[in-house]
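Let me begin by presenting the structure, written as structure tokens, before commenting on it.
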Amino acid sequence: MFLKNIGVAAAVFNLPGCHGSSQNGMRDARSCKNPNILFIMTDQQFADIMSCRMGTQYINTPAMDSLAKDGMLFTEAYTANPLCIPARNSIFTGRYPHEIGCQNNKGGTLNPDEFPSMGRYFKNAGYDTGYIGKWHLWYKSTDKQSHGFDVTAILNDNGHDNEIPAPAIEFIKRDRGKPFLLVVSFTNPHDVCQLARHQVLPSGPIPPFPLKDQLPPLKSNMAPPTHESDTMTLIRKSYHNTSTFPVGNYDEDEWRRLSWGYYRLVEKVDTLIGKVLEGLKESGQLDNTLIVFTSDHGDCHGAHRFNQKTVFYEESARIPLILSYKNVIKHDRCDQLVNTGIDILPTLLDFAGIAQPEKLPGRSLKLLALGRQPERWREYVIVENFMTQGGPVDGTAPQVKGRMVRSGSYKYCLYDHGKQREELFDMKKDRLETENLAFKSQYKDIVKQHRDFIKAFAEKYKDTTALTMLNQVREDDKI
């Protein structure tokens, strides 16, 4: 069920470049230089879980596919932190999780003057702002002065996704003389967490499991990586020692059923996204609307015998990102490195002609989306995590902090716990992350280079946790 709307801005005024309404009462989509922005989020969706990426044998996502067909698909987009609350608060502030002090799913608050939200930027620029669906932000949803969204319909209990399209479409179709920013935040496929626990699914059931021969095959990277860091071995034991992650004794058929169910949950949310997109089309505003589709983080669904998120493996950390803007954005794929936590907000501001504050560390993706190559992009992106959700191992529940560097060819992971607390994967030759190369002497220079990447990042953005981790691992090298 939704909470009640907390109010609608009464003032309606024309912006420069906007010229009245069309005959059906809606603003002419082509009459305003400032585009509408429709920002659609799913929850817990791995980048490749769309039929445009994995084919239609086991999944069919026509709505997501249509956005990819008509827009720019970013294939190397990573979350700022593979966990709901840190990822979402990063996206909506444009700041790294460590900057805002948000690294786990505990509650908290943000100073809206120090960390303005996406809604405030657009409201102050004259946009009509709305937020429909799952919240999980560190602003009080009832305090529109802090978050800047004039219209809200917040989803209770992380369920009932089917209630989202109607208020979203109603918001889109309102008669207005200014552009809008609308966030549509779905819960699924997050219900895969309950599916793994054999619980009731918050957003409703999926069809019964099919016969064994109709299930998808086991993932080819089910096994832990060769020479896996003892840090991640510990985390796996810890996660499997709690009812939150009850997959430690899963057999092959159970893993295959989990994947099948995960695909059904993605299809469910795709159908609802399709309804919102159809409402946008019916409103006559498609031609003047930038559509952004992404997720907060991914889901391992069996990769390296993990389910859920928080870890740095691809299935958890890499997420879908599509930008679509009819007759403006190029229809293509881009393999440049993106951090959605810091890059989405600058991108939206850029398309809307709103100046980017100096404190925002990210970069606009606008030129890339237009099919142009900036003079210089970036060498790497940094992802953060804090793995705290597991059960005790030898009497103690581990709480492990980590930093991940994704460069053009490698992924390097560093943790604050363990004897061998580094991992290095060759992302050109070993995309499935089956072998940790960090301990091999021939990769010593590559490891050092990626340590230096973290050092430069940590010094620039005052990440004291990362600096401590680096100092510790360098001390270990001397032993």
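By convention here, the chains of the structure tokens are called A, B, ... in the order presented, each chain's residues are numbered starting at 1, and ligands are numbered starting at 1 in the order presented.
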Item to check | Non-local contacts of A:Leu201 (10 Å; only C-alpha atoms; under 6 positions in same chain excluded) as a list in words | outcome: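 Near A:Leu201, the qualifying residues are Gly159, His160, Asn188, His190, Asp191, Val192, Cys193, Gln194, Leu195 and Leu265 of chain A.
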Checklist entry - Residues of stretch 311-434 of chain A in helix (DSSP H, G or I) according to DSSP, as a list in words? => result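 DSSP on the backbone gives helix (DSSP H, G or I) at Glu314, Glu315, Ser316, Ala317, Thr340, Gly341, Ile342, Asp343, Ile344, Leu345, Pro346, Thr347, Leu348, Leu349, Asp350, Phe351, Ala352, Lys366, Leu367, Leu368 and Ala369 of chain A.
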Give me the residues within 6 Å of A:Phe149 as a PDB file with C-alpha atoms, in the first residue's frame, counting only C-alpha atoms and dropping any in the same chain fewer than 4 places off.
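That gives us selection.pdb:
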ATOM      1  CA  GLY A 119      14.735  16.412  -6.212  1.00  0.00           C
ATOM      2  CA  THR A 129       9.166  16.810  -9.275  1.00  0.00           C
ATOM      3  CA  GLY A 130       7.674  13.457  -8.343  1.00  0.00           C
ATOM      4  CA  LYS A 144       9.494  17.564   0.832  1.00  0.00           C
TER       5      LYS A 144
END
Where does stretch 157-252 of chain A meet stretch 410-414 of chain A within 12 Å, residue by residue, with the nearest atom pair and distance in Å to one decimal for each, counting only C-alpha atoms, listed by chain and rising number, as CSV?
residue,atom,partner,partner_atom,distance
A:Glu228,CA,A:Cys413,CA,11.2
A:Ser229,CA,A:Cys413,CA,9.5
A:Asp230,CA,A:Leu414,CA,11.7
A:Thr231,CA,A:Leu414,CA,9.4
A:Met232,CA,A:Cys413,CA,10.4
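Between atom CA of A:Asp43 and atom CA of A:His297 the separation is 6.7 Å.
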Next on the checklist: Please determine, counting only C-alpha atoms, which residue among A:Glu254, A:Asp299, A:Glu459, A:Asp394 has the shortest atom-to-atom distance to A:Ala47.
Outcome noted: A:Asp299
Item to check | Contacts of A:Ala317 within 6 Å, only C-alpha atoms, excl. fewer than 3 positions in-chain, as a ChimeraX atom specification | outcome: /A:78-79,82,297-298,312,314
How would the residues just picked look written out with N, CA and C atoms as a PDB file, in the first residue's frame?
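So the final result, stored in selection18.pdb, reads:
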ATOM      1  N   TYR A  78      28.717   0.345 -13.051  1.00  0.00           N
ATOM      2  CA  TYR A  78      28.847  -0.279 -11.731  1.00  0.00           C
ATOM      3  C   TYR A  78      28.145   0.564 -10.679  1.00  0.00           C
ATOM      4  N   THR A  79      27.589  -0.119  -9.689  1.00  0.00           N
ATOM      5  CA  THR A  79      26.997   0.563  -8.556  1.00  0.00           C
ATOM      6  C   THR A  79      28.091   1.175  -7.694  1.00  0.00           C
ATOM      7  N   PRO A  82      27.243  -2.221  -3.668  1.00  0.00           N
ATOM      8  CA  PRO A  82      26.224  -3.212  -4.021  1.00  0.00           C
ATOM      9  C   PRO A  82      25.279  -3.552  -2.878  1.00  0.00           C
ATOM     10  N   HIS A 297      21.657  -2.177  -7.545  1.00  0.00           N
ATOM     11  CA  HIS A 297      22.758  -3.145  -7.493  1.00  0.00           C
ATOM     12  C   HIS A 297      22.267  -4.428  -8.135  1.00  0.00           C
ATOM     13  N   GLY A 298      23.112  -5.432  -8.187  1.00  0.00           N
ATOM     14  CA  GLY A 298      22.747  -6.681  -8.835  1.00  0.00           C
ATOM     15  C   GLY A 298      22.389  -7.781  -7.844  1.00  0.00           C
ATOM     16  N   PHE A 312      31.713  -7.951  -4.461  1.00  0.00           N
ATOM     17  CA  PHE A 312      32.195  -7.238  -5.639  1.00  0.00           C
ATOM     18  C   PHE A 312      32.137  -8.051  -6.930  1.00  0.00           C
ATOM     19  N   GLU A 314      30.889  -9.618 -10.359  1.00  0.00           N
ATOM     20  CA  GLU A 314      30.171  -8.888 -11.406  1.00  0.00           C
ATOM     21  C   GLU A 314      28.658  -8.916 -11.231  1.00  0.00           C
TER      22      GLU A 314
END
Within 9 Å of A:Leu424, counting only C-alpha atoms, which residues show up once you throw out same-chain ones fewer than 2 positions away? Write them as a PDB file with N, CA and C atoms, in the first residue's frame, please.
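File around_31.pdb, as written:
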ATOM      1  N   TYR A 410      41.230  -4.824 -15.783  1.00  0.00           N
ATOM      2  CA  TYR A 410      41.288  -5.616 -14.555  1.00  0.00           C
ATOM      3  C   TYR A 410      40.261  -5.161 -13.535  1.00  0.00           C
ATOM      4  N   LYS A 411      39.986  -6.057 -12.606  1.00  0.00           N
ATOM      5  CA  LYS A 411      39.254  -5.733 -11.389  1.00  0.00           C
ATOM      6  C   LYS A 411      40.139  -6.124 -10.208  1.00  0.00           C
ATOM      7  N   TYR A 412      40.353  -5.154  -9.339  1.00  0.00           N
ATOM      8  CA  TYR A 412      41.176  -5.359  -8.146  1.00  0.00           C
ATOM      9  C   TYR A 412      40.326  -5.098  -6.917  1.00  0.00           C
ATOM     10  N   CYS A 413      40.371  -6.004  -5.939  1.00  0.00           N
ATOM     11  CA  CYS A 413      39.602  -5.876  -4.714  1.00  0.00           C
ATOM     12  C   CYS A 413      40.537  -5.916  -3.515  1.00  0.00           C
ATOM     13  N   GLU A 422      43.668  -9.558  -0.972  1.00  0.00           N
ATOM     14  CA  GLU A 422      43.595  -8.916  -2.287  1.00  0.00           C
ATOM     15  C   GLU A 422      43.107  -9.907  -3.335  1.00  0.00           C
ATOM     16  N   ASP A 426      41.430 -10.709 -14.413  1.00  0.00           N
ATOM     17  CA  ASP A 426      41.645 -10.212 -15.772  1.00  0.00           C
ATOM     18  C   ASP A 426      40.284 -10.142 -16.457  1.00  0.00           C
ATOM     19  N   GLU A 433      35.395 -14.270 -13.654  1.00  0.00           N
ATOM     20  CA  GLU A 433      36.144 -14.153 -12.400  1.00  0.00           C
ATOM     21  C   GLU A 433      36.395 -15.526 -11.763  1.00  0.00           C
ATOM     22  N   GLU A 435      39.578 -16.963 -11.598  1.00  0.00           N
ATOM     23  CA  GLU A 435      40.922 -17.128 -11.031  1.00  0.00           C
ATOM     24  C   GLU A 435      41.435 -15.805 -10.471  1.00  0.00           C
ATOM     25  N   ASN A 436      41.793 -15.838  -9.200  1.00  0.00           N
ATOM     26  CA  ASN A 436      42.407 -14.687  -8.550  1.00  0.00           C
ATOM     27  C   ASN A 436      43.896 -14.666  -8.862  1.00  0.00           C
ATOM     28  N   LEU A 437      44.356 -13.576  -9.464  1.00  0.00           N
ATOM     29  CA  LEU A 437      45.741 -13.465  -9.914  1.00  0.00           C
ATOM     30  C   LEU A 437      46.608 -12.636  -8.972  1.00  0.00           C
ATOM     31  N   ALA A 438      46.031 -12.133  -7.901  1.00  0.00           N
ATOM     32  CA  ALA A 438      46.743 -11.148  -7.074  1.00  0.00           C
ATOM     33  C   ALA A 438      48.019 -11.683  -6.462  1.00  0.00           C
ATOM     34  N   PHE A 439      48.083 -12.966  -6.193  1.00  0.00           N
ATOM     35  CA  PHE A 439      49.254 -13.534  -5.520  1.00  0.00           C
ATOM     36  C   PHE A 439      50.376 -13.896  -6.489  1.00  0.00           C
ATOM     37  N   TYR A 443      52.038 -10.548 -11.848  1.00  0.00           N
ATOM     38  CA  TYR A 443      51.038  -9.485 -11.785  1.00  0.00           C
ATOM     39  C   TYR A 443      51.343  -8.470 -10.691  1.00  0.00           C
ATOM     40  N   ILE A 446      50.827  -4.898 -11.793  1.00  0.00           N
ATOM     41  CA  ILE A 446      49.410  -4.590 -11.980  1.00  0.00           C
ATOM     42  C   ILE A 446      48.748  -4.354 -10.631  1.00  0.00           C
ATOM     43  N   VAL A 447      49.069  -5.191  -9.651  1.00  0.00           N
ATOM     44  CA  VAL A 447      48.525  -5.005  -8.305  1.00  0.00           C
ATOM     45  C   VAL A 447      48.947  -3.653  -7.754  1.00  0.00           C
TER      46      VAL A 447
END
Next on the checklist: Residues within 6 Å of stretch 401-403 of chain A, please, as a PyMOL selection string. Count only C-alpha atoms; anything in the same chain fewer than 3 positions from it doesn't count.
Outcome noted: chain A and resi 383-386+413-416
Next on the checklist: So, with only C-alpha atoms as the atoms that count, which of A:Lys140, A:Arg236, A:His301, A:Arg451 lies closest to A:Tyr262?
Outcome noted: A:His301
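Non-sequential neighbours of A:Arg406 (distance at most 8 Å, separation of 2 or more positions within a chain, only C-alpha atoms) are Leu337, Tyr380, Val381, Ile382, Met404, Gly408, Ser409, Tyr410, Lys411 and Tyr412 of chain A.
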Next on the checklist: Please return, as a count of residues only, all residues of stretch 82-181 of chain A that DSSP assigns to strand (DSSP E or B) on the basis of the backbone.
Outcome noted: 13
Checklist entry - For A:Thr289, which residue among A:Leu38, A:Ile85, A:Ile169, A:Ala63 is the nearest when counting only C-alpha atoms? => result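 Of A:Leu38, A:Ile85, A:Ile169, A:Ala63, the one nearest A:Thr289, counting only C-alpha atoms, is A:Leu38.
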Item to check | Atomic distance atom CA of A:Gly126 - atom CA of A:Thr347, expressed in Å with one decimal | outcome: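 Separation of atom CA of A:Gly126 and atom CA of A:Thr347: 17.5 Å.
Proximity to A:Asp343 was assessed for A:Lys212, A:His227, A:Lys429, A:Arg378 counting only C-alpha atoms; the smallest distance is recorded for A:Arg378.
You will find atom CA of A:Val247 at 11.7 Å from atom CA of A:His304.
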Checklist outcome for this item: Using only C-alpha atoms, the residue out of A:Thr396, A:Ala355, A:Glu375, A:Thr310 with shortest distance to A:Ser238 is A:Thr396
Checklist entry - Which of these residues is nearest to A:Lys309, using only C-alpha atoms: A:Phe209, A:Phe46, A:Tyr121, A:Phe39? => result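 Residue with the minimum atom-to-atom distance to A:Lys309: A:Phe46.
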